[in-house]
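What follows is a single structure, written as structure tokens, with notes after it.
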Amino acid sequence: MVTAARAVAPLESLELPRGVALRALSLSVVYRMPRGVARVVDRVDFDLVEGAVTAIVGESGSGKTMLASALLKLVPYPGRVEGRVLYRSELLGRVVDVLSLPKEQLKRIRWREIAMVFQGAQNSFNPTMKIAEHFIDTAEAHGWRDRRAVLERARKLLEMVMLDPDRVLESYPHQLSGGMKQRALIALSLLLDPKVLILDEPTSALDTVSQKVLVDLLKDIHARLRNTMVFITHDLPLILGLAHYAAIMYAFKIVEYGPIEEIVRNPRHPYTAGLLKSVPPLRGDLRRVRTIPGTHPDPINPPRGCRFHPRCPLATEVCRRVEPKLIDVGGRHLVACHRWEEVEVDKLWS
Amino acid sequence: MELIRVENLRIYFPLKKSILGGVRGWVRAVDGVDLVIGSRTAVSIVGESGSGKTTLGKAVAGLVRPTSGRVLWRGRDVYSLPKEEYALFRRRVQYMPQDPYSAFNPSKTVFDHLCIPLMRWGKASNRLECVDAVAKILESVKVTPPEEYMFRYPHQLSGGERQRILFARIMMVEPELVVTDEPVSAIDVALRVDQMNLMLDFLERLGVSYLFISHELASARYMAERGGGFIAVMYLGRIVEQGPPRQLVENPLHPYTEALVDATPELDLERARSKRLRLRSVDVPKPYEEIKGCRFSNRCPDAMPRCFEEEPPLIEVSSGRLVRCWKFVKR
């Protein structure tokens, strides 16, 4: 995006520290609509830790899918991506800004180095092609033409996702269950050994048992490959055992980020605390459940000041006027709240 | 008071070879289910896809004719009611589909969807009279402010809003039981409790009962416990465990219920990291597969030789606590 590039520093001066797989700088996704301008991702700064699993958690409409899509410049038309996404490409041998790469180079990086599995993608298999052909097709698109080697790798990957290669490779998509398709798709996404794997709600539309199977599987895959994973979800409890870091999104921004232990045990943003309290518990007392009153804002004309202030029990005058910045409160724990020191989960909305 | 009684219900669907060909086998979607739903209660049915929970729900709502067995509404067989009484039954017992989008006409507004039934049931004689009533209805299901939503089309609503409006529409005919098929699984975790509280509010105020169908145990427990009912766990057409909500989730007896409990995400970091499923096979057998013995035997981590030979009966282990597993049958 030429226009966006002017807003930030020139490329040469940008560097990517070791241990960071991807760095988003002032990343925005903008839609111009008759009603006004919608910034569905609004100036997000974000580091993706290399070799870790990061969850992006937020309600529907909070911008979490858009944020992930923007990392690969895959935002649906007519959305515009602004800002920078820095990435150290092995293929190109340098740190690049994904958003300003020439089309050809961007194509080479997608799937090969950074793969994204979209929500409901299990339905995006071509119904007239066997699973084996999907693997061969994908490999060929990236210049890998040795069919035997491709199938050999496909078998290994399918075994890794607990599928029977003999059966699955020769199956058409409709012959597999939803959970099996989702697992086959994850195997396909790993075909070219990407360094970064982005999964958008991979477990939605799956049963509880299939969900758990998939999450455990991703955990095993990560333990073996040590790749960088991004897991987008609205379901905070679901990713507890899998994710190392979580970024909580509210109203098109990241409002809290930190190690998963911190997010769950010591949330500093009232919205995160509210998310934790609103989960219907399987065990224990139902009376401690509280939901957050009000609704998530619209991207056109979001609330001034802190975007959460109309729903926040701690909101004061400053929250209504000044938008809080994301600050480090220690130990890689970032929060955007004026009153982060006063957040006590048990007392909010009680 | 007893509202619905399901007796030894079986619903089989034929598997056809081709358009002309004969029957190749049967999908036994519901295979011998007994269930009682009282008034002013919420009963939850839990199971995976293919467990038969939706078919059971449809049969209770009068939408699928049983292969054998009966569905009794206030003591009378639903499927042999005279015409007028059947019409009354269909009004009193409502079915709320899983996908609320498909229940709307995409070319009509929220106002139309609510005004038409109002006029049909004589609560308004023209569209102008509807306005206030529709606003009230929208407020009652917390779709506010009403004037902002009234003239929206279904595609301009969120999943949760569609569900609420559909629910409002169902409530207009003053049902005594609503069969809700996966009403919260498609909406955000953070919004599920609100949606369930809305339904429970109608239970408390108007005495509406629910048959709450879900694959998700935490919601099923919330609904059944707050609604004073029980949970029934279904597996391949049969109830394998039934009991009071909290007891059932905190102390599951059947290995399948245990698997569901283990698979349900909780806000407990240690548990989340250590908890693994104890299942021998992760995928559900095909619905038409003939399984000898217990239907869960090929996935069960505790299966004994007997489990592959003979199907266990559903036995009552304590008051209101039923389980279908050989582990609990005393010789």
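Lettering and numbering for the structure tokens are positional, with chains as A, B, ... in the shown order, residues counted from 1 in each chain, and ligands counted from 1 in the shown order.
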
What residues in chain B lie within 6 Å of chain A, counting only C-alpha atoms, written as a compact mmCIF listing (two decimals) with all heavy atoms, in the first residue's frame?
# COMPACT_ATOMS: atom_id res chain seq x y z
N GLU B 48 -22.87 -36.07 20.42
CA GLU B 48 -22.14 -35.64 19.24
C GLU B 48 -23.07 -35.60 18.03
O GLU B 48 -24.18 -36.09 18.09
CB GLU B 48 -21.02 -36.65 18.94
CG GLU B 48 -19.80 -36.49 19.80
CD GLU B 48 -18.89 -37.71 19.69
OE1 GLU B 48 -19.23 -38.76 20.24
OE2 GLU B 48 -17.85 -37.60 19.05
N ASP B 188 -20.80 -16.62 20.37
CA ASP B 188 -19.60 -16.49 21.20
C ASP B 188 -19.83 -17.01 22.61
O ASP B 188 -20.89 -16.82 23.19
CB ASP B 188 -19.22 -15.01 21.31
CG ASP B 188 -18.61 -14.50 20.02
OD1 ASP B 188 -18.36 -15.32 19.11
OD2 ASP B 188 -18.40 -13.29 19.92
N VAL B 189 -18.79 -17.61 23.16
CA VAL B 189 -18.86 -18.13 24.52
C VAL B 189 -19.35 -17.05 25.50
O VAL B 189 -20.19 -17.30 26.35
CB VAL B 189 -17.48 -18.65 24.96
CG1 VAL B 189 -17.49 -19.01 26.43
CG2 VAL B 189 -17.09 -19.86 24.14
N ALA B 190 -18.84 -15.83 25.31
CA ALA B 190 -19.17 -14.76 26.25
C ALA B 190 -20.64 -14.36 26.19
O ALA B 190 -21.14 -13.72 27.10
CB ALA B 190 -18.29 -13.55 25.97
N ALA B 218 -21.14 -27.80 29.03
CA ALA B 218 -21.22 -26.71 30.00
C ALA B 218 -22.54 -25.94 29.85
O ALA B 218 -23.19 -25.62 30.84
CB ALA B 218 -20.02 -25.77 29.84
N ALA B 263 -13.40 -33.47 27.48
CA ALA B 263 -13.23 -32.68 26.26
C ALA B 263 -13.72 -31.25 26.41
O ALA B 263 -13.43 -30.40 25.58
CB ALA B 263 -13.96 -33.36 25.10
N PRO B 265 -13.76 -27.59 27.50
CA PRO B 265 -12.76 -26.64 27.99
C PRO B 265 -13.21 -25.97 29.29
O PRO B 265 -14.38 -25.63 29.44
CB PRO B 265 -12.66 -25.59 26.89
CG PRO B 265 -13.41 -26.11 25.73
CD PRO B 265 -14.37 -27.13 26.24
N GLU B 266 -12.28 -25.82 30.22
CA GLU B 266 -12.58 -25.15 31.48
C GLU B 266 -11.51 -24.10 31.74
O GLU B 266 -10.43 -24.16 31.18
CB GLU B 266 -12.57 -26.16 32.63
CG GLU B 266 -13.77 -27.06 32.66
CD GLU B 266 -13.67 -28.04 33.80
OE1 GLU B 266 -14.13 -27.70 34.91
OE2 GLU B 266 -13.11 -29.13 33.62
N LEU B 267 -11.83 -23.18 32.64
CA LEU B 267 -10.87 -22.14 32.97
C LEU B 267 -9.92 -22.59 34.06
O LEU B 267 -9.79 -21.95 35.09
CB LEU B 267 -11.61 -20.87 33.42
CG LEU B 267 -12.14 -20.01 32.29
CD1 LEU B 267 -13.00 -18.90 32.85
CD2 LEU B 267 -11.02 -19.44 31.46
N ALA B 272 -6.30 -27.96 31.97
CA ALA B 272 -6.25 -27.80 30.52
C ALA B 272 -4.96 -28.37 29.95
O ALA B 272 -4.93 -28.92 28.86
CB ALA B 272 -6.38 -26.33 30.16
N ARG B 273 -3.87 -28.23 30.71
CA ARG B 273 -2.60 -28.71 30.19
C ARG B 273 -2.42 -30.21 30.33
O ARG B 273 -1.76 -30.84 29.52
CB ARG B 273 -1.46 -27.98 30.91
CG ARG B 273 -1.33 -26.56 30.39
CD ARG B 273 -0.16 -25.84 30.99
NE ARG B 273 -0.06 -24.54 30.36
CZ ARG B 273 0.48 -23.47 30.92
NH1 ARG B 273 0.99 -23.57 32.13
NH2 ARG B 273 0.55 -22.34 30.30

### Query
Tell me, which residues of range 195-244 of chain A carry DSSP strand (DSSP E), written as a ChimeraX atom specification?
/A:196-200,228-233

### Task
Name the residues in contact with range 228-240 of chain B at a cut-off of 6 Å, using only C-alpha atoms, excluding same-chain residues fewer than 5 positions from it; report them as a ChimeraX atom specification.
/B:29-31,41-47,51-52,245,323-324

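Restricting the calculation to only C-alpha atoms, the smallest distance between Val141 in chain B and any of B:Arg164, B:Arg280, B:Arg192, B:Lys327 is found for B:Arg164.
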
### Task
Using only C-alpha atoms, determine which residues lie at most 12 Å from Gln175 in chain A, disregarding the query and same-chain residues fewer than 2 positions distant; provide the list as a ChimeraX atom specification.
/A:125,127-131,167-173,177-181 /B:286

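Atom pair CA of Asp262 in chain B / CA of Leu217 in chain A: separated by 15.1 Å.
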
### Task
Please provide as a VMD selection string all residues within 12 Å of Leu190 in chain A, with the sequence filter that same-chain residues fewer than 4 positions apart are discarded (counting only C-alpha atoms).
chain A and resid 111 to 117 135 138 to 139 150 153 to 158 160 to 161 183 to 186 194 to 199 218 221 to 222 225 227 to 229

#### Entry: Which of range 164-327 of chain B DSSP labels alpha helix (DSSP H), written as a VMD selection string
chain B and resid 164 to 171 189 to 206 217 to 226 245 to 250 255 to 263 269 to 274

Which residues come within 6 Å of Asn8 in chain B, counting only C-alpha atoms, excluding same-chain residues fewer than 3 positions away, as a CSV table (one decimal) with C-alpha atoms, in the first residue's frame?
chain,number,residue,atom,x,y,z
B,32,GLY,CA,-35.4,-47.0,22.1
B,33,VAL,CA,-35.5,-43.8,24.0
B,34,ASP,CA,-37.7,-43.0,27.1
B,69,GLY,CA,-42.9,-46.1,20.1

### Nearby residues (only C-alpha atoms) at most 7 Å from range 297-301 of chain A, same-chain spacing under 4 positions excluded, as a PyMOL selection string
chain A and resi 36-40+251

Expected file: the selected residues, N, CA, C and O atoms, as a JSON list (two decimals), in the first residue's frame:
[["chain", "number", "residue", "atom", "x", "y", "z"],
["A", 36, "GLY", "N", -19.78, 5.62, 6.31],
["A", 36, "GLY", "CA", -18.60, 6.22, 6.90],
["A", 36, "GLY", "C", -17.41, 5.29, 6.74],
["A", 36, "GLY", "O", -17.49, 4.26, 6.07],
["A", 37, "VAL", "N", -16.32, 5.64, 7.41],
["A", 37, "VAL", "CA", -15.10, 4.84, 7.32],
["A", 37, "VAL", "C", -15.06, 3.85, 8.48],
["A", 37, "VAL", "O", -15.22, 4.24, 9.63],
["A", 38, "ALA", "N", -14.86, 2.59, 8.16],
["A", 38, "ALA", "CA", -14.78, 1.57, 9.20],
["A", 38, "ALA", "C", -13.34, 1.09, 9.31],
["A", 38, "ALA", "O", -12.78, 0.57, 8.34],
["A", 39, "ARG", "N", -12.75, 1.29, 10.47],
["A", 39, "ARG", "CA", -11.40, 0.75, 10.70],
["A", 39, "ARG", "C", -11.59, -0.54, 11.49],
["A", 39, "ARG", "O", -11.70, -0.50, 12.71],
["A", 40, "VAL", "N", -11.66, -1.66, 10.79],
["A", 40, "VAL", "CA", -11.99, -2.92, 11.46],
["A", 40, "VAL", "C", -10.77, -3.55, 12.15],
["A", 40, "VAL", "O", -10.91, -4.50, 12.91],
["A", 251, "ALA", "N", -13.07, -4.21, 20.15],
["A", 251, "ALA", "CA", -13.32, -3.03, 19.31],
["A", 251, "ALA", "C", -12.12, -2.70, 18.42],
["A", 251, "ALA", "O", -11.64, -1.58, 18.40]]

### Task
Name the closest residue to His296 in chain A among the candidates A:Gly63, A:Ala132, A:Arg84, A:Cys337; distances are taken between atoms, counting only C-alpha atoms.
A:Gly63

### Query
By how many Å are CA of Ala59 in chain B and CA of Ile315 in chain B apart?
24.1 Å

### Query
CA of Gly19 in chain A and CA of Asp97 in chain A, how far apart in Å?
17.1 Å
